[in-house]
$ cat input37.txt   # compact mmCIF, C-alpha atoms
# COMPACT_ATOMS: atom_id res chain seq x y z
CA ARG A 5 155.00 87.80 111.81
CA LYS A 6 155.26 88.51 108.08
CA GLY A 7 159.06 88.53 108.11
CA THR A 8 159.21 85.13 109.83
CA LEU A 9 156.80 83.59 107.31
CA LEU A 10 158.64 85.06 104.32
CA ILE A 11 162.04 83.75 105.45
CA ASN A 12 160.46 80.42 106.42
CA ASN A 13 159.31 79.86 102.81
CA LEU A 14 162.97 79.61 101.76
CA PHE A 15 163.33 76.42 103.85
CA SER A 16 160.36 74.80 102.08
CA ILE A 17 161.46 75.82 98.58
CA ALA A 18 165.04 74.65 99.15
CA ALA A 19 163.84 71.31 100.56
CA ALA A 20 161.42 70.80 97.64
CA ILE A 21 164.14 71.46 95.05
CA LEU A 22 166.52 69.03 96.78
CA MET A 23 163.85 66.31 97.08
CA GLY A 24 162.70 66.81 93.49
CA THR A 25 166.24 66.42 92.13
CA SER A 26 167.35 63.64 94.52
CA GLU A 27 166.78 60.82 92.02
CA LEU A 28 168.71 62.72 89.36
CA ALA A 29 171.57 63.19 91.84
CA LYS A 30 171.24 59.52 92.89
CA THR A 31 171.49 60.33 96.59
CA PHE A 32 169.01 59.26 99.28
CA GLU A 33 170.88 61.28 101.94
CA VAL A 34 169.56 64.48 100.33
CA ILE A 35 165.97 63.30 100.93
CA ILE A 36 166.70 62.75 104.65
CA ILE A 37 168.30 66.21 104.98
CA SER A 38 165.42 67.77 103.03
CA ARG A 39 162.86 66.18 105.32
CA VAL A 40 164.65 67.70 108.34
CA VAL A 41 164.60 71.13 106.64
CA MET A 42 160.92 70.66 105.77
CA GLY A 43 160.28 69.80 109.44
CA ILE A 44 161.80 73.16 110.46
CA PHE A 45 159.49 74.89 107.96
CA ALA A 46 156.40 72.99 109.18
CA GLY A 47 157.18 73.67 112.84
CA LEU A 48 157.53 77.42 112.28
CA ALA A 49 154.57 77.74 109.92
CA SER A 50 152.18 75.76 112.15
CA ASN A 51 152.83 78.23 115.00
CA VAL A 52 153.24 81.58 113.24
CA VAL A 53 150.30 81.32 110.79
CA PRO A 54 147.53 80.90 113.43
CA MET A 55 149.16 83.58 115.62
CA PHE A 56 149.34 86.02 112.67
CA LEU A 57 145.73 85.38 111.61
CA GLY A 58 144.43 85.50 115.19
CA GLU A 59 146.05 88.90 115.79
CA MET A 60 144.59 90.35 112.58
CA SER A 61 141.02 89.05 113.02
CA PRO A 62 138.09 91.00 114.49
CA LYS A 63 136.78 89.34 117.66
CA ASN A 64 133.51 88.21 116.01
CA LEU A 65 135.42 86.26 113.32
CA ARG A 66 138.54 85.22 115.25
CA GLY A 67 137.41 81.61 115.74
CA ALA A 68 136.40 81.11 112.10
CA VAL A 69 139.63 82.67 110.80
CA GLY A 70 141.60 80.62 113.35
CA VAL A 71 140.13 77.36 112.00
CA VAL A 72 141.07 78.23 108.38
CA PRO A 73 144.77 77.13 108.73
CA GLN A 74 143.56 73.66 109.82
CA LEU A 75 141.12 73.63 106.88
CA PHE A 76 144.01 74.18 104.46
CA ILE A 77 146.10 71.54 106.26
CA THR A 78 143.29 69.03 105.59
CA ILE A 79 143.07 70.22 101.96
CA GLY A 80 146.85 69.69 101.71
CA ILE A 81 146.52 66.18 103.15
CA LEU A 82 143.75 65.39 100.65
CA ALA A 83 145.79 66.79 97.74
CA ALA A 84 148.77 64.65 98.83
CA GLN A 85 146.56 61.54 99.07
CA ILE A 86 145.14 62.14 95.57
CA LEU A 87 148.50 62.95 93.95
CA GLY A 88 150.03 60.01 95.82
CA LEU A 89 147.70 57.47 94.20
CA ASN A 90 149.57 54.75 92.28
CA SER A 91 147.87 55.84 89.06
CA ILE A 92 149.03 59.49 89.40
CA LEU A 93 152.42 60.20 91.07
CA GLY A 94 152.66 57.51 93.76
CA ASN A 95 154.86 55.29 91.61
CA ALA A 96 158.51 54.68 90.70
CA LYS A 97 158.58 57.45 88.08
CA GLY A 98 156.38 60.05 89.73
CA TRP A 99 157.62 60.31 93.32
CA PRO A 100 160.39 62.95 92.70
CA VAL A 101 157.75 65.22 91.10
CA LEU A 102 155.38 64.55 94.03
CA LEU A 103 158.03 65.62 96.56
CA GLY A 104 159.12 68.58 94.43
CA LEU A 105 155.55 69.96 94.23
CA THR A 106 155.63 70.79 97.97
CA GLY A 107 157.56 73.99 97.21
CA ILE A 108 154.83 75.52 95.00
CA PRO A 109 152.53 76.81 97.84
CA SER A 110 155.58 78.36 99.53
CA LEU A 111 156.61 80.05 96.29
CA ILE A 112 153.10 81.51 95.92
CA GLN A 113 153.25 82.80 99.51
CA LEU A 114 156.72 84.28 99.00
CA LEU A 115 155.45 86.27 95.99
CA THR A 116 152.12 87.42 97.47
CA LEU A 117 152.64 87.91 101.24
CA PRO A 118 154.67 91.17 100.89
CA PHE A 119 151.47 92.86 99.61
CA PHE A 120 149.54 91.97 102.80
CA PRO A 121 149.52 94.12 105.99
CA GLU A 122 151.56 93.16 109.06
CA SER A 123 149.76 92.22 112.30
CA PRO A 124 148.38 95.52 113.74
CA ARG A 125 148.90 94.28 117.32
CA TYR A 126 152.54 93.52 116.58
CA LEU A 127 153.02 96.99 115.04
CA LEU A 128 151.38 98.86 117.92
CA ILE A 129 152.28 96.87 121.03
CA GLN A 130 155.71 95.53 120.11
CA LYS A 131 156.92 98.14 117.62
CA GLY A 132 155.13 101.13 119.18
CA ASN A 133 154.05 102.43 115.77
CA GLU A 134 150.43 103.57 116.01
CA GLU A 135 150.32 105.09 112.52
CA GLN A 136 151.37 101.84 110.79
CA ALA A 137 149.04 99.81 113.03
CA ARG A 138 146.13 102.12 112.19
CA ARG A 139 146.86 101.86 108.42
CA ALA A 140 147.07 98.05 108.65
CA LEU A 141 143.76 97.89 110.55
CA GLN A 142 142.06 100.21 108.05
CA ARG A 143 143.16 97.96 105.17
CA LEU A 144 142.02 94.81 106.99
CA ARG A 145 138.64 96.19 108.10
CA GLY A 146 137.90 98.20 104.95
CA ARG A 147 136.89 101.31 106.92
CA GLU A 148 138.52 104.46 108.30
CA ASP A 149 137.20 104.33 111.88
CA VAL A 150 139.26 101.77 113.84
CA ASP A 151 139.59 103.77 117.08
CA ASP A 152 137.82 101.14 119.21
CA GLU A 153 140.34 98.43 118.30
CA ILE A 154 143.30 100.80 118.69
CA GLN A 155 141.98 101.68 122.18
CA GLU A 156 141.61 97.99 123.07
CA MET A 157 145.24 97.37 122.00
CA TYR A 158 146.41 100.23 124.23
CA GLN A 159 144.51 98.69 127.17
CA GLU A 160 146.18 95.35 126.48
CA ASN A 161 149.58 97.07 126.26
CA GLN A 162 149.00 98.94 129.55
CA SER A 163 147.89 95.76 131.30
CA GLU A 164 151.07 93.85 130.50
CA LYS A 165 153.72 96.60 130.57
CA GLU A 166 155.02 95.53 133.96
CA GLU A 167 155.67 91.93 132.89
CA GLY A 168 157.61 92.80 129.70
CA GLN A 169 158.21 90.27 126.91
CA PHE A 170 157.89 86.64 128.04
CA SER A 171 160.41 83.92 127.33
CA VAL A 172 159.39 80.26 127.57
CA LEU A 173 161.11 80.02 130.98
CA SER A 174 159.34 83.11 132.39
CA LEU A 175 156.04 81.78 131.03
CA PHE A 176 156.44 78.64 133.16
CA THR A 177 157.26 80.63 136.30
CA PHE A 178 154.64 83.40 136.01
CA ARG A 179 151.65 82.75 138.27
CA GLY A 180 149.30 85.01 136.26
CA LEU A 181 149.42 82.64 133.27
CA ARG A 182 149.51 79.30 135.12
CA TRP A 183 146.08 77.94 134.07
CA GLN A 184 146.40 79.25 130.51
CA LEU A 185 149.70 77.38 130.15
CA ILE A 186 148.35 74.14 131.66
CA SER A 187 145.29 74.41 129.40
CA ILE A 188 147.23 74.71 126.14
CA ILE A 189 149.55 71.85 127.15
CA VAL A 190 146.55 69.62 127.93
CA MET A 191 144.70 70.59 124.73
CA MET A 192 147.72 70.25 122.44
CA ALA A 193 148.80 66.93 124.00
CA GLY A 194 145.19 65.68 123.94
CA GLN A 195 144.85 66.67 120.29
CA GLN A 196 147.72 64.37 119.22
CA LEU A 197 147.74 61.68 121.95
CA SER A 198 144.03 61.07 121.25
CA GLY A 199 145.30 58.89 118.40
CA VAL A 200 144.45 60.89 115.26
CA ASN A 201 147.76 60.03 113.64
CA GLY A 202 147.48 56.44 114.83
CA VAL A 203 144.21 56.30 112.90
CA PHE A 204 145.62 58.19 109.88
CA TYR A 205 149.05 56.52 109.73
CA TYR A 206 147.56 53.04 109.97
CA ALA A 207 144.10 53.49 108.41
CA ASP A 208 145.20 51.27 105.51
CA ARG A 209 145.77 48.36 107.88
CA ILE A 210 142.48 48.97 109.70
CA PHE A 211 140.63 48.83 106.36
CA GLU A 212 142.58 45.76 105.24
CA SER A 213 141.76 43.95 108.47
CA ALA A 214 138.14 45.01 107.96
CA GLY A 215 138.09 43.16 104.65
CA VAL A 216 138.60 46.00 102.13
CA HIS A 217 140.45 44.75 99.03
CA SER A 218 144.10 45.91 98.96
CA SER A 219 143.69 47.57 95.52
CA SER A 220 140.82 49.72 96.86
CA ILE A 221 142.37 50.80 100.18
CA GLN A 222 144.09 53.92 98.84
CA TYR A 223 140.79 55.17 97.39
CA VAL A 224 139.04 54.62 100.74
CA THR A 225 141.84 56.61 102.41
CA VAL A 226 141.26 59.47 99.93
CA SER A 227 137.55 59.46 100.80
CA ILE A 228 138.47 59.72 104.51
CA GLY A 229 140.65 62.73 103.63
CA ALA A 230 137.66 64.30 101.82
CA ILE A 231 135.45 63.79 104.91
CA ASN A 232 138.17 65.48 107.00
CA VAL A 233 138.09 68.54 104.69
CA VAL A 234 134.27 68.77 104.71
CA MET A 235 134.01 68.55 108.52
CA THR A 236 136.78 71.11 109.08
CA LEU A 237 134.98 73.42 106.65
CA LEU A 238 131.83 72.92 108.72
CA ALA A 239 133.79 73.91 111.85
CA VAL A 240 134.74 77.23 110.13
CA PHE A 241 131.03 78.09 109.78
CA ILE A 242 129.79 76.92 113.20
CA VAL A 243 132.63 77.91 115.56
CA GLU A 244 131.32 81.48 115.98
CA SER A 245 127.72 80.41 116.61
CA LEU A 246 128.31 77.35 118.83
CA GLY A 247 131.54 78.50 120.48
CA ARG A 248 134.90 76.82 121.14
CA ARG A 249 134.03 74.72 124.20
CA ILE A 250 131.07 72.87 122.68
CA LEU A 251 133.09 71.89 119.58
CA LEU A 252 136.01 70.67 121.70
CA LEU A 253 133.75 68.70 124.05
CA ALA A 254 131.61 67.20 121.25
CA GLY A 255 134.73 66.29 119.27
CA PHE A 256 136.44 64.50 122.16
CA VAL A 257 133.17 62.68 123.11
CA LEU A 258 132.84 61.39 119.52
CA CYS A 259 136.54 60.40 119.39
CA SER A 260 136.41 58.52 122.73
CA ALA A 261 133.21 56.68 121.76
CA SER A 262 134.69 55.77 118.36
CA CYS A 263 137.88 54.39 119.96
CA ALA A 264 135.89 52.29 122.45
CA ILE A 265 133.56 50.82 119.79
CA LEU A 266 136.49 50.33 117.36
CA THR A 267 138.23 48.18 120.01
CA LEU A 268 135.11 46.03 120.29
CA ALA A 269 134.63 45.82 116.50
CA LEU A 270 138.25 44.81 115.80
CA ASN A 271 138.07 42.11 118.49
CA LEU A 272 134.85 40.60 117.16
CA GLN A 273 135.32 40.94 113.40
CA THR A 274 136.59 37.35 113.01
CA THR A 275 133.44 35.94 114.65
CA VAL A 276 130.77 38.51 113.64
CA SER A 277 130.80 39.32 109.91
CA TRP A 278 129.29 42.84 110.07
CA MET A 279 131.80 44.03 112.70
CA SER A 280 134.32 44.82 109.92
CA TYR A 281 131.87 47.42 108.56
CA LEU A 282 131.36 48.82 112.05
CA SER A 283 135.12 49.37 112.39
CA ILE A 284 135.11 51.45 109.17
CA VAL A 285 132.16 53.49 110.53
CA CYS A 286 134.17 54.05 113.74
CA VAL A 287 137.17 55.36 111.79
CA ILE A 288 134.92 57.76 109.85
CA ALA A 289 133.16 58.89 113.08
CA TYR A 290 136.54 59.44 114.73
CA ILE A 291 137.77 61.61 111.83
CA ILE A 292 134.53 63.65 111.95
CA GLY A 293 134.88 64.17 115.72
CA HIS A 294 138.51 65.22 115.50
CA ALA A 295 137.91 67.54 112.53
CA ILE A 296 135.19 69.61 114.20
CA GLY A 297 137.01 70.30 117.48
CA PRO A 298 140.30 68.74 118.66
CA SER A 299 142.14 69.44 115.37
CA PRO A 300 141.36 73.14 114.71
CA ILE A 301 140.32 74.69 118.05
CA PRO A 302 143.42 74.39 120.34
CA ALA A 303 145.48 76.79 118.14
CA VAL A 304 142.58 79.28 118.28
CA MET A 305 142.57 79.00 122.08
CA ILE A 306 146.32 79.76 122.32
CA THR A 307 145.75 82.99 120.37
CA GLU A 308 142.82 83.96 122.59
CA MET A 309 144.09 82.95 126.05
CA PHE A 310 147.37 84.88 125.86
CA LEU A 311 148.14 88.57 125.38
CA GLN A 312 150.68 90.01 122.94
CA SER A 313 153.77 89.76 125.18
CA SER A 314 153.24 86.09 126.08
CA ARG A 315 151.64 84.81 122.83
CA PRO A 316 154.86 83.89 120.92
CA ALA A 317 156.22 81.93 123.91
CA ALA A 318 152.81 80.24 124.35
CA PHE A 319 152.79 79.17 120.70
CA MET A 320 156.34 77.86 121.13
CA VAL A 321 155.23 75.71 124.08
CA GLY A 322 152.00 74.61 122.37
CA GLY A 323 153.80 73.82 119.11
CA SER A 324 156.50 71.83 120.90
CA VAL A 325 153.90 69.78 122.78
CA HIS A 326 151.97 69.26 119.51
CA TRP A 327 154.95 67.92 117.54
CA LEU A 328 156.43 65.90 120.44
CA SER A 329 153.05 64.22 120.95
CA ASN A 330 152.72 63.65 117.19
CA PHE A 331 156.20 62.08 117.15
CA THR A 332 155.38 59.92 120.19
CA VAL A 333 152.23 58.47 118.61
CA GLY A 334 154.07 57.75 115.32
CA LEU A 335 156.91 56.05 117.20
CA VAL A 336 154.96 54.14 119.84
CA PHE A 337 151.77 53.03 118.04
CA LEU A 338 153.46 50.12 116.22
CA TYR A 339 154.71 48.70 119.54
CA MET A 340 151.34 49.35 121.19
CA GLU A 341 149.61 47.54 118.35
CA ALA A 342 152.05 44.61 118.55
CA GLY A 343 151.65 44.30 122.34
CA LEU A 344 148.00 45.21 122.88
CA GLY A 345 146.38 44.63 119.49
CA PRO A 346 142.97 46.31 119.20
CA TYR A 347 143.10 47.26 122.90
CA SER A 348 145.66 49.99 122.05
CA PHE A 349 142.69 52.18 121.02
CA LEU A 350 141.43 52.03 124.63
CA ILE A 351 144.49 54.09 125.64
CA PHE A 352 143.47 56.73 123.09
CA CYS A 353 139.91 56.53 124.44
CA ALA A 354 141.14 57.22 128.00
CA ILE A 355 143.20 60.22 126.81
CA CYS A 356 140.14 61.63 124.97
CA VAL A 357 137.99 61.29 128.12
CA ALA A 358 140.66 62.87 130.36
CA THR A 359 141.11 65.84 127.97
CA MET A 360 137.35 66.28 127.67
CA LEU A 361 136.93 66.38 131.48
CA TYR A 362 139.71 68.96 131.82
CA ILE A 363 138.11 71.20 129.16
CA PHE A 364 134.68 70.83 130.79
CA PHE A 365 135.88 71.94 134.23
CA ILE A 366 138.68 74.41 133.44
CA VAL A 367 138.62 75.94 129.93
CA PRO A 368 136.29 78.98 129.57
CA GLU A 369 134.27 79.95 126.49
CA THR A 370 136.16 82.67 124.58
CA LYS A 371 133.65 83.30 121.76
CA ASN A 372 133.14 86.99 120.88
CA LYS A 373 135.32 88.25 123.76
CA THR A 374 138.25 90.65 123.53
CA PHE A 375 141.70 89.45 124.61
CA MET A 376 141.39 91.64 127.73
CA GLU A 377 138.00 90.10 128.69
CA ILE A 378 139.46 86.59 128.37
CA ASN A 379 142.48 87.72 130.38
CA ARG A 380 140.19 88.89 133.22
CA ILE A 381 138.34 85.53 133.27
CA MET A 382 141.64 83.63 133.56
CA ALA A 383 143.03 86.09 136.13
CA LYS A 384 140.24 85.05 138.52
CA ARG A 385 141.19 81.40 138.11
CA ASN A 386 144.87 82.26 138.65
CA LYS A 387 143.89 84.40 141.69
CA VAL A 388 145.75 87.47 140.42
CA GLU A 389 144.70 91.03 139.65
CA VAL A 390 144.82 92.45 136.10
CA GLN A 391 146.72 95.73 135.73
CA GLU A 392 144.61 98.17 133.69
CA SER A 393 144.93 101.73 132.53
CA LYS A 394 143.06 104.19 134.82
CA GLU A 395 141.97 106.06 131.69
$ encode --input "input37.txt" --output "structure tokens"
Amino acid sequence: RKGTLLINNLFSIAAAILMGTSELAKTFEVIIISRVVMGIFAGLASNVVPMFLGEMSPKNLRGAVGVVPQLFITIGILAAQILGLNSILGNAKGWPVLLGLTGIPSLIQLLTLPFFPESPRYLLIQKGNEEQARRALQRLRGREDVDDEIQEMYQENQSEKEEGQFSVLSLFTFRGLRWQLISIIVMMAGQQLSGVNGVFYYADRIFESAGVHSSSIQYVTVSIGAINVVMTLLAVFIVESLGRRILLLAGFVLCSASCAILTLALNLQTTVSWMSYLSIVCVIAYIIGHAIGPSPIPAVMITEMFLQSSRPAAFMVGGSVHWLSNFTVGLVFLYMEAGLGPYSFLIFCAICVATMLYIFFIVPETKNKTFMEINRIMAKRNKVEVQESKE
């Protein structure tokens, strides 16, 4: 995990340097190429970071630690919104600096990550090195006695020895992981197709149509980014007490209700004066709903619903669905808006409701359970038996 992240930083740093010097070189093609390279970096990082953190975390903190990557994504979005203000770097002179700054977090990670331990599960189960795994666990837990976790890893290893390492293709054909795979596809697609990027990409236009003055829109957008950070931070603190399911369900309920009311508000704002304010409230409510559940929790669930041998392939599938759905919303929303107007948010509402119903009936609560306990719960749904060590 560490090696992948370290090499991945080179993509981000190279892209940042090229984007930062593009105006000096007087070439827009370099920006396009750099954005492609940055996309490679983002795709890898968004999958490997939650997997790495999930494998290192103790079971009682796995949810909270799993939400932290999403917290820092929202902090990054907020930082970009602030630095991108016209009065700071979002202007003709400042934009090369703005794009060049993206390499600084990667540079910090490149210099500091070598001093952190590797994933103990990776060291023990995939590398077969108990001594290194034990040392890594002792550093992470701050105590000498880690025998219980080492034993749990051996049980996990024994349970999946017969299957071997999973590829994406074998993941799709293996009956024992059928419902886990369907669940992550539904949750990852629901996360993006629920319209979060439709709301974020086009929030400016929603505010403008709601009567906010054009010079103030960017500041309203920054305040929405701040709300996103605060609510994701709240999710970090409550995910271990309330559990994963309740946050996912509550989040999708709030998102679906917001989309439905937003449709009504946008339709009536020309005839009813206060409807424009209601549409802003709906956008804020939607962001709150998405930040507490649909945004951070699906990546946590991928870590928890798959064992070591199938987890990388599961993250590859989940990440692909995530970015394809993100791309689809970005590409299609303009045409939806042109053809359907405010009613386009009813499509997002329907997707939120469908995802919520699936989670309610199929996805189990994984709070405070070991990977093996979650595996046993899903094995019953898949109607297969779990191989376990006699010892």
$ closest_residue --input "input37.txt" --among "A:Thr307, A:Gln162, A:Ser277, A:Asn372" --to "Val243 in chain A" --atoms "all atoms listed in the file"
A:Asn372
$ closest_atom_pairs --input "input37.txt" --of "range 74-167 of chain A" --to "range 9-23 of chain A" --cutoff "10 Å" --atoms "only C-alpha atoms" --output "tab-separated table"
residue	atom	partner	partner_atom	distance
A:Trp99	CA	A:Met23	CA	9.4
A:Pro100	CA	A:Met23	CA	6.5
A:Val101	CA	A:Met23	CA	8.6
A:Leu102	CA	A:Met23	CA	9.2
A:Leu103	CA	A:Met23	CA	5.9
A:Gly104	CA	A:Ala20	CA	4.5
A:Leu105	CA	A:Ala20	CA	6.8
A:Thr106	CA	A:Ala20	CA	5.8
A:Gly107	CA	A:Ile17	CA	4.5
A:Ile108	CA	A:Ile17	CA	7.5
A:Pro109	CA	A:Asn13	CA	8.9
A:Ser110	CA	A:Asn13	CA	5.2
A:Leu111	CA	A:Ile17	CA	6.8
A:Ile112	CA	A:Asn13	CA	9.4
A:Gln113	CA	A:Asn13	CA	7.5
A:Leu114	CA	A:Leu10	CA	5.7
A:Leu115	CA	A:Leu10	CA	9.0
A:Thr116	CA	A:Leu10	CA	9.7
A:Leu117	CA	A:Leu10	CA	7.3
A:Pro118	CA	A:Leu10	CA	8.1
$ residues_around --input "input37.txt" --residues "range 249-263 of chain A" --least-positions-apart "2" --cutoff "6 Å" --atoms "only C-alpha atoms" --output "PyMOL selection string"
chain A and resi 247+265-266+286+290+293-294+297-298+349+353+356+360+369
$ residues_near_point --input "input37.txt" --point "(140.6, 46.7, 109.4)" --cutoff "9 Å" --atoms "all atoms listed in the file" --output "count of residues only"
16
$ atom_distance --input "input37.txt" --atom1 "CA of Asn201 in chain A" --atom2 "CA of Leu185 in chain A"
24.0 Å
$ residues_around --input "input37.txt" --residues "Leu181 in chain A" --least-positions-apart "3" --cutoff "9 Å" --atoms "all atoms listed in the file" --output "mmCIF file with C-alpha atoms, keeping the file's coordinate frame"
data_model
loop_
_atom_site.group_PDB
_atom_site.id
_atom_site.type_symbol
_atom_site.label_atom_id
_atom_site.label_comp_id
_atom_site.auth_asym_id
_atom_site.auth_seq_id
_atom_site.Cartn_x
_atom_site.Cartn_y
_atom_site.Cartn_z
ATOM 1 C CA LEU A 175 156.040 81.780 131.030
ATOM 2 C CA PHE A 176 156.440 78.640 133.160
ATOM 3 C CA THR A 177 157.260 80.630 136.300
ATOM 4 C CA PHE A 178 154.640 83.400 136.010
ATOM 5 C CA GLN A 184 146.400 79.250 130.510
ATOM 6 C CA LEU A 185 149.700 77.380 130.150
ATOM 7 C CA ILE A 186 148.350 74.140 131.660
ATOM 8 C CA MET A 309 144.090 82.950 126.050
ATOM 9 C CA PHE A 310 147.370 84.880 125.860
ATOM 10 C CA SER A 314 153.240 86.090 126.080
ATOM 11 C CA MET A 382 141.640 83.630 133.560
ATOM 12 C CA ALA A 383 143.030 86.090 136.130
ATOM 13 C CA ASN A 386 144.870 82.260 138.650
#
$ closest_residue --input "input37.txt" --among "A:His326, A:Arg145, A:Arg125, A:Arg182" --to "Tyr158 in chain A" --atoms "all atoms listed in the file"
A:Arg125
$ residues_around --input "input37.txt" --residues "range 147-151 of chain A" --least-positions-apart "6" --cutoff "12 Å" --atoms "only C-alpha atoms" --output "list in words"
Pro62, Pro124, Glu134, Glu135, Ala137, Arg138, Arg139, Ala140, Leu141, Met157 and Tyr158 of chain A
$ closest_residue --input "input37.txt" --among "A:Thr267, A:Lys387, A:Ser299, A:Gly345" --to "Met279 in chain A" --atoms "all atoms listed in the file"
A:Thr267
$ residues_around --input "input37.txt" --residues "Glu59 in chain A" --least-positions-apart "4" --cutoff "10 Å" --atoms "all atoms listed in the file" --output "VMD selection string"
chain A and resid 5 54 to 55 63 66 70 122 to 126 307 to 308 311 to 312 315 375
$ write_last_selection --input "input37.txt" --atoms "C-alpha atoms" --output "CSV table (one decimal), in the frame of the given file"
chain,number,residue,atom,x,y,z
A,5,ARG,CA,155.0,87.8,111.8
A,54,PRO,CA,147.5,80.9,113.4
A,55,MET,CA,149.2,83.6,115.6
A,63,LYS,CA,136.8,89.3,117.7
A,66,ARG,CA,138.5,85.2,115.2
A,70,GLY,CA,141.6,80.6,113.4
A,122,GLU,CA,151.6,93.2,109.1
A,123,SER,CA,149.8,92.2,112.3
A,124,PRO,CA,148.4,95.5,113.7
A,125,ARG,CA,148.9,94.3,117.3
A,126,TYR,CA,152.5,93.5,116.6
A,307,THR,CA,145.8,83.0,120.4
A,308,GLU,CA,142.8,84.0,122.6
A,311,LEU,CA,148.1,88.6,125.4
A,312,GLN,CA,150.7,90.0,122.9
A,315,ARG,CA,151.6,84.8,122.8
A,375,PHE,CA,141.7,89.4,124.6
$ atom_distance --input "input37.txt" --atom1 "CA of Phe364 in chain A" --atom2 "CA of Met191 in chain A"
11.7 Å
$ closest_residue --input "input37.txt" --among "A:Ile351, A:Val41, A:Val172, A:Ile296" --to "Val333 in chain A" --atoms "only C-alpha atoms"
A:Ile351
$ atom_distance --input "input37.txt" --atom1 "CA of Asn90 in chain A" --atom2 "CA of Ser219 in chain A"
9.8 Å
$ residues_around --input "input37.txt" --residues "Leu65 in chain A" --least-positions-apart "3" --cutoff "12 Å" --atoms "only C-alpha atoms" --output "MDAnalysis selection string"
chainID A and resid 57:62 68:72 145 240:245 247 304 370:374
$ axis_aligned_box --input "input37.txt" --around "range 147-162 of chain A" --padding-each-side "8 Å" --output "AutoDock Vina command-line options"
--center_x 143.2 --center_y 99.9 --center_z 118.2 --size_x 28.7 --size_y 25.1 --size_z 38.6
$ closest_residue --input "input37.txt" --among "A:Gly43, A:Val190, A:Ala49, A:Leu128" --to "Leu361 in chain A" --atoms "all atoms listed in the file"
A:Val190
$ closest_residue --input "input37.txt" --among "A:His217, A:Met192, A:Glu156, A:Phe365" --to "Leu328 in chain A" --atoms "all atoms listed in the file"
A:Met192
